[in-house]
Structures are given as structure tokens and as C-alpha cells.
>>> print(open('final25.txt').read())   # compact mmCIF, C-alpha atoms (C1' of nucleotides) and all ligand atoms
# COMPACT_ATOMS: atom_id res chain seq x y z
CA MET O 1 165.46 56.25 69.30
CA GLN O 2 165.16 54.70 65.88
CA VAL O 3 166.06 55.41 62.32
CA SER O 4 162.92 56.67 60.64
CA LYS O 5 161.58 55.01 57.54
CA THR O 6 161.97 58.31 55.78
CA LEU O 7 165.67 58.51 56.49
CA ASP O 8 166.03 54.91 55.41
CA TYR O 9 164.34 55.80 52.13
CA ALA O 10 166.63 58.76 51.64
CA VAL O 11 169.78 56.75 52.18
CA ARG O 12 168.52 54.00 49.93
CA SER O 13 167.82 56.47 47.16
CA LEU O 14 171.21 58.07 47.49
CA THR O 15 173.16 54.83 47.48
CA TYR O 16 171.17 53.82 44.43
CA MET O 17 172.21 57.00 42.71
CA GLY O 18 175.72 56.78 44.05
CA ASN O 19 176.34 53.44 42.41
CA ASP O 20 176.41 55.25 39.07
CA PRO O 21 176.98 58.87 39.96
CA VAL O 22 177.16 59.93 36.36
CA LEU O 23 173.65 58.75 35.54
CA LYS O 24 170.49 60.70 35.98
CA ARG O 25 167.58 58.86 37.60
CA SER O 26 163.92 59.65 37.56
CA MET O 27 161.68 59.40 40.61
CA LYS O 28 159.91 56.52 38.92
CA GLU O 29 163.15 54.63 38.54
CA ILE O 30 164.21 55.20 42.13
CA SER O 31 160.77 54.40 43.42
CA GLU O 32 160.62 51.07 41.63
CA HIS O 33 164.14 49.91 42.28
CA GLN O 34 164.09 50.88 45.93
CA HIS O 35 160.49 50.03 46.76
CA ILE O 36 159.57 53.53 47.85
CA PRO O 37 156.07 54.99 47.36
CA LEU O 38 156.42 57.36 44.44
CA SER O 39 154.52 60.28 45.85
CA TYR O 40 156.27 60.04 49.16
CA LEU O 41 159.65 59.85 47.49
CA ALA O 42 158.83 63.20 45.95
CA LYS O 43 158.74 64.77 49.39
CA ILE O 44 162.02 63.20 50.34
CA MET O 45 163.82 64.29 47.21
CA ARG O 46 162.63 67.81 47.79
CA ARG O 47 164.52 67.98 51.07
CA LEU O 48 167.67 66.57 49.50
CA VAL O 49 167.47 69.14 46.74
CA LYS O 50 166.94 71.99 49.19
CA LYS O 51 170.04 70.94 51.11
CA GLY O 52 172.08 70.79 47.92
CA ILE O 53 172.75 67.08 48.10
CA VAL O 54 171.12 66.31 44.76
CA ARG O 55 170.05 68.44 41.83
CA SER O 56 166.90 68.00 39.83
CA MET O 57 165.96 68.41 36.19
CA VAL O 58 162.32 68.74 35.29
CA GLY O 59 160.77 67.80 31.98
CA PRO O 60 161.02 64.71 29.79
CA ASP O 61 164.16 62.74 30.55
CA GLY O 62 164.36 64.70 33.75
CA GLY O 63 165.27 63.28 37.13
CA TYR O 64 167.85 63.59 39.84
CA ALA O 65 171.60 63.37 40.14
CA LEU O 66 174.09 63.76 42.93
CA ARG O 67 175.42 67.26 43.19
CA ARG O 68 178.70 66.20 44.78
CA SER O 69 180.74 63.03 44.54
CA PRO O 70 179.74 60.21 46.93
CA LYS O 71 182.97 60.75 48.80
CA GLU O 72 181.90 64.28 49.63
CA ILE O 73 178.44 63.46 50.90
CA LYS O 74 178.43 62.85 54.61
CA LEU O 75 175.76 60.74 56.20
CA ARG O 76 175.35 63.55 58.65
CA ASP O 77 174.28 65.84 55.82
CA VAL O 78 171.64 63.36 54.79
CA TYR O 79 170.43 62.89 58.33
CA GLU O 80 170.06 66.60 58.86
CA ALA O 81 168.39 67.14 55.51
CA ILE O 82 165.70 64.69 56.56
CA GLU O 83 165.42 65.02 60.32
CA GLY O 84 166.81 68.45 60.98
CA GLU O 85 169.59 69.13 63.41
CA ILE O 86 170.72 66.12 65.40
CA ARG O 87 169.31 66.52 68.87
CA MET O 88 168.95 63.72 71.37
CA VAL O 89 166.77 65.70 73.75
CA ASP O 90 164.85 68.87 73.08
CA CYS O 91 165.05 70.67 76.38
CA MET O 92 166.89 73.65 75.00
CA ASP O 93 164.94 74.96 72.03
CA ARG O 94 161.78 77.01 71.80
CA ASP O 95 159.44 76.79 74.75
CA ASN O 96 160.78 73.44 75.85
CA ILE O 97 162.78 74.94 78.66
CA CYS O 98 162.72 72.35 81.43
CA VAL O 99 162.72 73.56 85.04
CA PHE O 100 165.46 71.12 85.85
CA TYR O 101 167.75 72.21 83.07
CA ASP O 102 170.32 73.96 85.22
CA SER O 103 170.78 71.08 87.58
CA CYS O 104 170.02 68.24 85.19
CA THR O 105 172.24 65.25 85.69
CA GLN O 106 171.25 63.13 82.71
CA LEU O 107 171.82 65.74 80.06
CA PRO O 108 175.60 65.16 80.01
CA VAL O 109 175.01 61.53 79.22
CA TRP O 110 172.71 62.18 76.28
CA ASP O 111 175.18 64.76 75.08
CA LYS O 112 177.82 62.11 75.13
CA VAL O 113 175.66 59.74 73.12
CA GLN O 114 174.82 62.52 70.73
CA MET O 115 178.43 63.48 70.18
CA SER O 116 179.41 59.93 69.57
CA MET O 117 176.66 59.55 67.02
CA ILE O 118 177.53 62.80 65.31
CA LYS O 119 181.12 61.69 65.00
CA ILE O 120 180.15 58.49 63.26
CA LEU O 121 177.71 60.15 60.89
CA GLU O 122 180.25 62.84 60.18
CA ASP O 123 182.93 60.30 59.34
CA THR O 124 180.71 58.17 57.15
CA THR O 125 180.31 59.19 53.53
CA LEU O 126 178.00 57.93 50.83
CA GLN O 127 181.08 56.33 49.33
CA ASP O 128 181.36 54.14 52.42
CA MET O 129 177.88 52.85 51.77
CA LEU O 130 178.15 51.84 48.14
CA SER O 131 177.74 48.24 47.05
CA LYS O 132 181.45 47.61 46.59
CA SER O 133 182.91 48.28 50.02
CA ARG O 134 180.85 46.26 52.45
CA GLY O 135 180.70 44.52 55.79
CA LYS O 136 182.91 46.02 58.42
CA SER O 137 180.89 45.38 61.58
CA ALA O 138 178.59 42.55 62.50
CA ARG O 139 175.34 42.68 64.39
CA PRO O 140 176.05 43.47 68.04
CA ASN O 141 174.55 42.08 71.17
CA MET D 1 166.04 59.45 67.21
CA GLN D 2 165.20 61.13 70.46
CA VAL D 3 165.00 60.35 74.13
CA SER D 4 161.34 59.81 74.89
CA LYS D 5 159.61 61.81 77.56
CA THR D 6 158.83 58.55 79.30
CA LEU D 7 162.48 57.59 79.57
CA ASP D 8 163.28 61.07 80.79
CA TYR D 9 160.66 60.66 83.51
CA ALA D 10 162.09 57.31 84.51
CA VAL D 11 165.62 58.61 84.84
CA ARG D 12 164.43 61.63 86.76
CA SER D 13 162.55 59.43 89.20
CA LEU D 14 165.52 57.18 89.72
CA THR D 15 168.01 59.95 90.29
CA TYR D 16 165.58 61.45 92.76
CA MET D 17 165.46 58.18 94.62
CA GLY D 18 169.17 57.62 94.25
CA ASN D 19 170.02 60.82 96.04
CA ASP D 20 168.87 59.16 99.25
CA PRO D 21 168.90 55.45 98.47
CA VAL D 22 167.93 54.50 101.98
CA LEU D 23 164.66 56.40 101.88
CA LYS D 24 161.38 55.14 100.60
CA ARG D 25 159.43 57.46 98.32
CA SER D 26 155.78 57.44 97.42
CA MET D 27 154.48 58.04 93.91
CA LYS D 28 152.97 61.28 95.12
CA GLU D 29 156.33 62.47 96.36
CA ILE D 30 158.11 61.58 93.16
CA SER D 31 155.35 63.01 91.05
CA GLU D 32 155.44 66.35 92.82
CA HIS D 33 159.18 66.77 93.11
CA GLN D 34 159.85 65.71 89.54
CA HIS D 35 156.82 67.25 87.83
CA ILE D 36 155.51 63.97 86.47
CA PRO D 37 151.79 63.28 86.00
CA LEU D 38 150.89 60.98 88.88
CA SER D 39 148.85 58.44 86.97
CA TYR D 40 151.39 58.23 84.21
CA LEU D 41 154.20 57.78 86.69
CA ALA D 42 152.36 54.72 87.93
CA LYS D 43 152.82 53.10 84.54
CA ILE D 44 156.49 53.93 84.48
CA MET D 45 157.17 52.61 87.96
CA ARG D 46 155.49 49.38 87.00
CA ARG D 47 158.08 48.73 84.32
CA LEU D 48 160.92 49.51 86.66
CA VAL D 49 159.52 47.12 89.23
CA LYS D 50 159.07 44.38 86.68
CA LYS D 51 162.69 44.69 85.63
CA GLY D 52 163.86 44.53 89.22
CA ILE D 53 165.28 48.02 89.31
CA VAL D 54 163.05 49.21 92.14
CA ARG D 55 160.87 47.44 94.65
CA SER D 56 157.48 48.59 95.79
CA MET D 57 155.61 48.48 99.09
CA VAL D 58 151.87 48.92 99.08
CA GLY D 59 149.79 50.28 101.93
CA PRO D 60 150.10 53.33 104.15
CA ASP D 61 153.65 54.61 104.25
CA GLY D 62 154.24 52.54 101.15
CA GLY D 63 156.24 53.61 98.14
CA TYR D 64 159.29 52.71 96.13
CA ALA D 65 162.95 52.14 96.81
CA LEU D 66 165.94 51.15 94.73
CA ARG D 67 166.52 47.45 94.73
CA ARG D 68 170.25 47.77 94.07
CA SER D 69 172.76 50.46 94.90
CA PRO D 70 173.00 53.35 92.40
CA LYS D 71 176.41 52.11 91.41
CA GLU D 72 174.88 48.86 90.26
CA ILE D 73 172.10 50.31 88.15
CA LYS D 74 173.18 50.80 84.59
CA LEU D 75 171.49 53.37 82.41
CA ARG D 76 171.15 50.61 79.87
CA ASP D 77 168.95 48.69 82.28
CA VAL D 78 166.70 51.68 82.64
CA TYR D 79 166.56 52.28 78.93
CA GLU D 80 165.59 48.70 78.23
CA ALA D 81 163.04 48.62 81.02
CA ILE D 82 161.27 51.53 79.36
CA GLU D 83 161.92 51.16 75.66
CA GLY D 84 162.69 47.50 75.28
CA GLU D 85 165.80 46.19 73.63
CA ILE D 86 168.00 48.83 72.06
CA ARG D 87 167.49 48.66 68.34
CA MET D 88 168.39 51.39 65.90
CA VAL D 89 166.54 49.84 62.97
CA ASP D 90 163.90 47.16 63.02
CA CYS D 91 164.58 45.26 59.84
CA MET D 92 165.33 41.99 61.54
CA ASP D 93 162.47 41.15 63.83
CA ARG D 94 159.02 39.77 63.12
CA ASP D 95 157.60 40.48 59.70
CA ASN D 96 159.85 43.43 59.15
CA ILE D 97 162.19 41.50 56.92
CA CYS D 98 163.36 43.98 54.31
CA VAL D 99 164.04 42.72 50.79
CA PHE D 100 167.35 44.53 50.80
CA TYR D 101 168.55 43.06 54.03
CA ASP D 102 171.18 40.75 52.59
CA SER D 103 172.81 43.42 50.50
CA CYS D 104 172.04 46.41 52.69
CA THR D 105 174.89 48.89 52.88
CA GLN D 106 173.61 51.22 55.56
CA LEU D 107 172.94 48.60 58.18
CA PRO D 108 176.61 48.39 59.24
CA VAL D 109 176.59 52.09 59.97
CA TRP D 110 173.53 52.00 62.18
CA ASP D 111 175.00 49.01 63.91
CA LYS D 112 178.06 51.05 64.63
CA VAL D 113 175.99 53.86 66.07
CA GLN D 114 174.00 51.39 68.09
CA MET D 115 177.07 49.71 69.53
CA SER D 116 178.57 53.02 70.48
CA MET D 117 175.37 54.02 72.22
CA ILE D 118 175.09 50.71 74.01
CA LYS D 119 178.62 51.07 75.28
CA ILE D 120 177.90 54.45 76.78
CA LEU D 121 174.65 53.39 78.40
CA GLU D 122 176.32 50.27 79.68
CA ASP D 123 179.16 52.22 81.25
CA THR D 124 176.93 54.83 82.84
CA THR D 125 175.42 54.03 86.21
CA LEU D 126 172.81 55.82 88.23
CA GLN D 127 175.66 56.80 90.52
CA ASP D 128 177.16 58.78 87.67
CA MET D 129 173.97 60.78 87.41
CA LEU D 130 173.52 61.85 91.02
CA SER D 131 173.58 65.49 92.06
CA LYS D 132 177.09 65.40 93.46
CA SER D 133 179.18 64.36 90.50
CA ARG D 134 178.25 66.70 87.68
CA GLY D 135 179.32 68.33 84.47
CA LYS D 136 181.84 66.43 82.48
CA SER D 137 180.85 67.35 78.93
CA ALA D 138 179.51 70.55 77.51
CA ARG D 139 176.90 70.99 74.85
CA PRO D 140 178.36 69.94 71.48
CA ASN D 141 178.00 71.50 68.11
C1' DA Y 1 151.40 71.22 20.67
C1' DT Y 2 152.21 67.34 23.39
C1' DA Y 3 154.06 64.29 26.54
C1' DT Y 4 156.90 63.89 30.40
C1' DT Y 5 158.76 64.93 34.77
C1' DA Y 6 159.36 67.51 38.99
C1' DT Y 7 157.12 70.92 42.39
C1' DG Y 8 154.04 72.65 46.05
C1' DG Y 9 150.35 72.34 48.87
C1' DA Y 10 146.55 70.28 50.99
C1' DT Y 11 144.85 66.50 52.98
C1' DG Y 12 144.10 61.71 54.89
C1' DC Y 13 145.41 57.85 57.81
C1' DA Y 14 147.44 54.90 61.28
C1' DT Y 15 150.19 54.28 64.88
C1' DG Y 16 152.28 55.10 69.03
C1' DA Y 17 153.44 58.20 72.85
C1' DT Y 18 151.41 60.43 76.42
C1' DG Y 19 147.96 61.00 79.82
C1' DT Y 20 143.54 59.85 82.56
C1' DC Y 21 140.17 57.04 85.27
C1' DC Y 22 138.55 53.71 88.22
C1' DA Y 23 137.79 49.53 90.70
C1' DC Y 24 140.58 46.64 93.46
C1' DA Y 25 144.34 44.50 96.39
C1' DA Y 26 147.55 45.04 100.02
C1' DT Y 27 148.75 46.65 104.49
C1' DA Y 28 149.79 49.85 108.38
C1' DT Y 29 147.32 52.13 112.08
C1' DT Y 30 143.76 52.62 115.32
C1' DA K 1 137.40 44.84 112.77
C1' DA K 2 137.32 49.26 110.61
C1' DT K 3 139.62 52.75 108.18
C1' DA K 4 142.82 55.21 105.62
C1' DT K 5 146.56 54.93 102.61
C1' DT K 6 149.17 53.42 98.78
C1' DG K 7 150.31 50.65 94.79
C1' DT K 8 148.25 47.56 90.83
C1' DG K 9 145.95 46.42 86.52
C1' DG K 10 143.22 47.39 82.83
C1' DA K 11 140.58 50.09 79.92
C1' DC K 12 140.23 54.13 77.76
C1' DA K 13 140.99 59.17 75.85
C1' DT K 14 143.90 62.40 73.58
C1' DC K 15 147.40 64.08 70.75
C1' DA K 16 151.33 64.36 67.79
C1' DT K 17 153.56 62.86 64.08
C1' DG K 18 155.41 59.69 60.65
C1' DC K 19 153.86 58.05 56.58
C1' DA K 20 151.32 58.35 52.55
C1' DT K 21 148.14 60.02 48.75
C1' DC K 22 146.16 63.39 45.44
C1' DC K 23 146.02 67.02 42.35
C1' DA K 24 146.83 71.22 40.02
C1' DT K 25 150.78 73.54 38.14
C1' DA K 26 155.42 74.64 36.21
C1' DA K 27 159.23 73.40 33.43
C1' DT K 28 161.13 71.47 29.31
C1' DA K 29 162.48 68.09 25.76
C1' DT K 30 160.62 66.32 21.40
S1 LIG W 201 165.30 66.63 83.01
FE1 LIG W 201 167.17 67.15 82.02
S2 LIG W 201 167.07 66.00 80.14
FE2 LIG W 201 165.02 65.87 80.95
S3 LIG W 201 164.03 67.60 79.96
FE3 LIG W 201 164.75 68.44 81.89
S4 LIG W 201 166.76 69.21 81.33
FE4 LIG W 201 166.19 67.94 79.61
S1 LIG W 202 167.36 49.03 53.61
FE1 LIG W 202 168.78 48.15 55.06
S2 LIG W 202 168.42 49.34 56.88
FE2 LIG W 202 166.73 49.86 55.56
S3 LIG W 202 165.18 48.42 56.21
FE3 LIG W 202 166.20 47.38 54.52
S4 LIG W 202 167.79 46.24 55.56
FE4 LIG W 202 167.06 47.63 57.12
>>> encode(input="final25.txt", output="C-alpha cells")
Amino acid sequence: MQVSKTLDYAVRSLTYMGNDPVLKRSMKEISEHQHIPLSYLAKIMRRLVKKGIVRSMVGPDGGYALRRSPKEIKLRDVYEAIEGEIRMVDCMDRDNICVFYDSCTQLPVWDKVQMSMIKILEDTTLQDMLSKSRGKSARPN
Amino acid sequence: MQVSKTLDYAVRSLTYMGNDPVLKRSMKEISEHQHIPLSYLAKIMRRLVKKGIVRSMVGPDGGYALRRSPKEIKLRDVYEAIEGEIRMVDCMDRDNICVFYDSCTQLPVWDKVQMSMIKILEDTTLQDMLSKSRGKSARPN
DNA sequence: ATATTATGGATGCATGATGTCCACAATATT
DNA sequence: AATATTGTGGACATCATGCATCCATAATAT
């Protein structure tokens, strides 16, 4: 129940790019500025490209750029590009069919948590995470 | 970002016990009825005992029983007994101090998610997860 | 032609979740 | 007192996966 390092990397990279959406940034640049292992960043960028969140140019002076404006990039998109579909429990897919599924009493609760999380990620855009607009909520209990 | 199998086991065990709070149930019983590996269940029960959620009696006809009424057992308690403190990202504890912490723009979002999750787990009691009262929410998108 | 940059795939590594074993302590029953 | 039952504590085994590295190749600007 934690944000993976990989997702953290992805968001970091995107906010970095989002701060100057017009610029093109190379992996090397992103890697250095955001302290992300270069060769691992490559993997991450690949997923963002595949999901149409960024576009890539290969060759000298190549690099990455946002494909849409920060305002149109939902955090949910990023999450799903990295982690796949948001799913709090995996009792429904593939061969993971639990015997208790039909009468399960905790599933509704996790669904509730999941929906609440989806709503937040759906309502949060990259724009909301750029350097300018900061600090709405404080650390909770 | 998923509910661990261990937590699932814990909740299952507790709801099983909660359905007849007056009864005492042995590990063997719980293990068989809830399809949980016996020796692993032992580990799980230990954490629940330590956190004062259940009490244990050793010896013949021994077993476990809820220490409080189902209505007084919050899902949050269970979660924390198993997983430790709820923490969406671990950039603040120990040596995990991220260089970007002070100017981090995504932290507020995860905080928001975390608070929302805490609220739900705090408001949900074991009582809410017993066989009788079921099915409030359906599977989301 | 050359240098640069991204791509794709294979592979390695470390950590943590999950699961097992066993010797021992507690206690109810006889 | 002897015995059977049940939980306890610790060590250990196994497995999956997140994280990371390497390298050969393709694309392309100069
Ligand atoms: S018990 Fe409920 S939540 Fe857990 S795996 Fe089975 S169906 Fe899913
Ligand atoms: S970037 Fe922000 S969220 Fe990610 S580790 Fe650093 S402080 Fe935490």
C-alpha cells in the first residue's frame, strides 16, 4: 500500500518537463536533475510514451516532450501507465478467483478506498503539481 | 498499492470470529474455515494479540477471541497491526530523506490520498464487515 | 561518415512477502 | 503426576517482484 519508487520517478520526470512544457529534455538531463538512474529512467519513459503521455525524438538533440498540456495530464493516467489499472485487491482477474468472493464482506470496503483514490487521482492534473501552485494540505496524523 | 495477502488473512480471521463473538476459536478452526496456512496464521494472530485486538488462551480447548466488541474494532486498527503505520510514501522516516522533500510537489497529493484512506478505515468497524450487513457499493470503473 | 540519442531485450540483484519447521511453554483433563 | 492439546517464539526456506544494469541496434541531426 505504498507509492512505488518507479511511480515517484515518473511523476518527478513529468513535473520537471511540465515546468517548461515547450522545451525538449533528454534522458540524461532528466536523469541528472531528478536523480534517477539513467538506464532505469529509459524503462519508465518507454511506458509514458506508449500511453501517449510524452513523445520522443531520437537522434542528436533528441529527447522527450509532453504530448499534451500539463492541465490535460491526469495523475491517474500516469499511475496507470506505470502500475497498470488501479486495483486495490486482485481477487477478480485471471486465476485469482477467491472462494469467498461471492460472500466477501471486506471487498466493499476496499472498493470504497479504491474509488476514493481514483477520484483524487482523476481530479489531479500535472498542472496541479507544478512548482508554482503549492501546499494545499499538510501532513496528516 | 495493494492490500497484502496477510492483511486479507487477518480481516478474514476477524470477521470469522466476529460472526460469533462469544465463541472461542482455535487456530486450526480458523485456518480450515478461512483457507489460511496454519503456521502462517500463527504469525498473523501474534500481531493481533500484541495490538490488543484479540486475546489468546493456550492449552487444550484454547484458542482466540475478540478482546473488544466488533463495533469497537476499527479496520484501521487491524491495518496498523499488520502493516504498521499507514504511510503512502516513505520519504520522511529514517534515512529516507529525499533531496526534493522541501520543494516536493507530489507529496501533497499522496497525503490527500492517505488522509482519505485513513478516514475510511477509521470509520469502518469489524461490525460493518460481518455477514449480515452487506453490499453497499458495487465494483467501480 | 560520425556522433548522439532513444529503443528493446536480456539479465542481475536485493528486498520483502509469504510460508514452513521445530522446540518449548502453558494448561485442561484424566 | 502424566498426557494431550494448543499457542508462542525464533530460525529458516521459498518466491515474487521492484529496482537496476548492460548491450546491441535503430534513428537522425550535423
Ligand atoms: S476474501 Fe474477499 S477480498 Fe480477500 S481475496 Fe477473497 S474475495 Fe478478495
Ligand atoms: S520526490 Fe517527493 S514524494 Fe518522491 S521521495 Fe522525494 S519527497 Fe517523497
>>> closest_atom_pairs(input="final25.txt", of="chain D", to="ligand LIG 202 (chain W)", cutoff="12 Å", atoms="all atoms listed in the file", output="Markdown table")
| residue | atom | partner | partner_atom | distance |
| --- | --- | --- | --- | --- |
| D:Arg87 | CA | W:LIG202 | FE4 | 11.3 |
| D:Met88 | CA | W:LIG202 | S2 | 9.3 |
| D:Val89 | CA | W:LIG202 | FE4 | 6.3 |
| D:Asp90 | CA | W:LIG202 | FE4 | 6.7 |
| D:Cys91 | CA | W:LIG202 | FE4 | 4.4 |
| D:Met92 | CA | W:LIG202 | FE4 | 7.4 |
| D:Asp93 | CA | W:LIG202 | FE4 | 10.4 |
| D:Asp95 | CA | W:LIG202 | S3 | 11.5 |
| D:Asn96 | CA | W:LIG202 | S3 | 7.9 |
| D:Ile97 | CA | W:LIG202 | S4 | 7.5 |
| D:Cys98 | CA | W:LIG202 | FE3 | 4.4 |
| D:Val99 | CA | W:LIG202 | FE3 | 6.3 |
| D:Phe100 | CA | W:LIG202 | FE3 | 4.8 |
| D:Tyr101 | CA | W:LIG202 | S4 | 3.6 |
| D:Asp102 | CA | W:LIG202 | S4 | 7.1 |
| D:Ser103 | CA | W:LIG202 | S4 | 7.7 |
| D:Cys104 | CA | W:LIG202 | FE1 | 4.4 |
| D:Thr105 | CA | W:LIG202 | FE1 | 6.5 |
| D:Gln106 | CA | W:LIG202 | S2 | 5.7 |
| D:Leu107 | CA | W:LIG202 | S2 | 4.8 |
| D:Pro108 | CA | W:LIG202 | S2 | 8.6 |
| D:Val109 | CA | W:LIG202 | S2 | 9.2 |
| D:Trp110 | CA | W:LIG202 | S2 | 7.8 |
| D:Asp111 | CA | W:LIG202 | S2 | 9.6 |
>>> axis_aligned_box(input="final25.txt", around="ligand LIG 201 (chain W)", padding_each_side="6 Å", output="lines of an AutoDock Vina configuration file")
center_x = 165.6
center_y = 67.5
center_z = 81.3
size_x = 15.1
size_y = 15.3
size_z = 15.4
>>> closest_atom_pairs(input="final25.txt", of="chain D", to="chain O", cutoff="10 Å", atoms="only C-alpha atoms", output="tab-separated table")
residue	atom	partner	partner_atom	distance
D:Met1	CA	O:Met1	CA	3.9
D:Gln2	CA	O:Met88	CA	4.6
D:Val3	CA	O:Val89	CA	5.6
D:Ser4	CA	O:Met1	CA	7.8
D:Lys5	CA	O:Val89	CA	9.0
D:Asp8	CA	O:Gln106	CA	8.5
D:Val11	CA	O:Gln106	CA	7.5
D:Arg12	CA	O:Gln106	CA	8.1
D:Thr15	CA	O:Thr105	CA	8.2
D:Gln34	CA	O:Phe100	CA	8.6
D:His35	CA	O:Val99	CA	9.1
D:Leu75	CA	O:Val109	CA	9.4
D:Glu83	CA	O:Met1	CA	8.9
D:Glu85	CA	O:Asn141	CA	10.0
D:Ile86	CA	O:Met1	CA	8.3
D:Arg87	CA	O:Gln2	CA	6.9
D:Met88	CA	O:Gln2	CA	4.6
D:Val89	CA	O:Val3	CA	5.6
D:Asp90	CA	O:Gln2	CA	8.2
D:Val99	CA	O:His35	CA	9.1
D:Phe100	CA	O:Gln34	CA	8.6
D:Ser103	CA	O:Ser131	CA	7.7
D:Cys104	CA	O:Ser131	CA	8.2
D:Thr105	CA	O:Met129	CA	5.1
D:Gln106	CA	O:Met129	CA	5.9
D:Leu107	CA	O:Arg139	CA	8.9
D:Pro108	CA	O:Ser137	CA	5.7
D:Val109	CA	O:Thr124	CA	7.9
D:Trp110	CA	O:Val3	CA	8.2
D:Asp111	CA	O:Arg139	CA	6.4
D:Lys112	CA	O:Ser137	CA	7.0
D:Val113	CA	O:Met117	CA	5.8
D:Gln114	CA	O:Pro140	CA	8.2
D:Met115	CA	O:Pro140	CA	6.5
D:Ser116	CA	O:Ser116	CA	7.0
D:Met117	CA	O:Val113	CA	5.8
D:Ile118	CA	O:Val113	CA	9.1
D:Lys119	CA	O:Val113	CA	9.4
D:Ile120	CA	O:Val113	CA	6.8
D:Leu121	CA	O:Val109	CA	8.2
D:Thr124	CA	O:Val109	CA	7.9
D:Leu126	CA	O:Gln106	CA	9.3
D:Asp128	CA	O:Thr105	CA	8.4
D:Met129	CA	O:Thr105	CA	5.1
D:Leu130	CA	O:Thr105	CA	6.5
D:Ser131	CA	O:Thr105	CA	6.5
D:Lys132	CA	O:Thr105	CA	9.2
D:Ser133	CA	O:Thr105	CA	8.5
D:Arg134	CA	O:Thr105	CA	6.5
D:Gly135	CA	O:Pro108	CA	6.6
D:Lys136	CA	O:Pro108	CA	6.8
D:Ser137	CA	O:Pro108	CA	5.8
D:Ala138	CA	O:Pro108	CA	7.1
D:Arg139	CA	O:Asp111	CA	6.5
D:Pro140	CA	O:Met115	CA	6.6
D:Asn141	CA	O:Met115	CA	8.3
>>> residues_around(input="final25.txt", residues="DT30 (chain Y)", least_positions_apart="6", cutoff="12 Å", atoms="all atoms listed in the file", output="count of residues only")
4
>>> interface_residues(input="final25.txt", of="chain K", to="chain D", cutoff="12 Å", atoms="all atoms listed in the file", output="list in words")
DT3, DA4, DT5, DT6, DG7, DT8, DG9 and DG10 of chain K
>>> interface_residues(input="final25.txt", of="chain Y", to="chain D", cutoff="9 Å", atoms="all atoms listed in the file", output="PyMOL selection string")
chain Y and resi 17-21+26-29
>>> atom_distance(input="final25.txt", atom1="C1' of DA23 (chain Y)", atom2="CA of Glu32 (chain D)")
24.5 Å
>>> atom_distance(input="final25.txt", atom1="CA of Asn19 (chain O)", atom2="CA of Lys50 (chain O)")
21.9 Å
>>> atom_distance(input="final25.txt", atom1="CA of Arg76 (chain D)", atom2="atom FE2 of ligand LIG 201 (chain W)")
16.5 Å
>>> residues_around(input="final25.txt", residues="DT15 (chain Y)", least_positions_apart="5", cutoff="12 Å", atoms="all atoms listed in the file", output="list in words")
DC15, DA16, DT17, DG18 and DC19 of chain K
>>> residues_around(input="final25.txt", residues="Ala81 (chain D)", least_positions_apart="4", cutoff="8 Å", atoms="all atoms listed in the file", output="list in words")
Arg47, Leu48, Lys51 and Asp77 of chain D
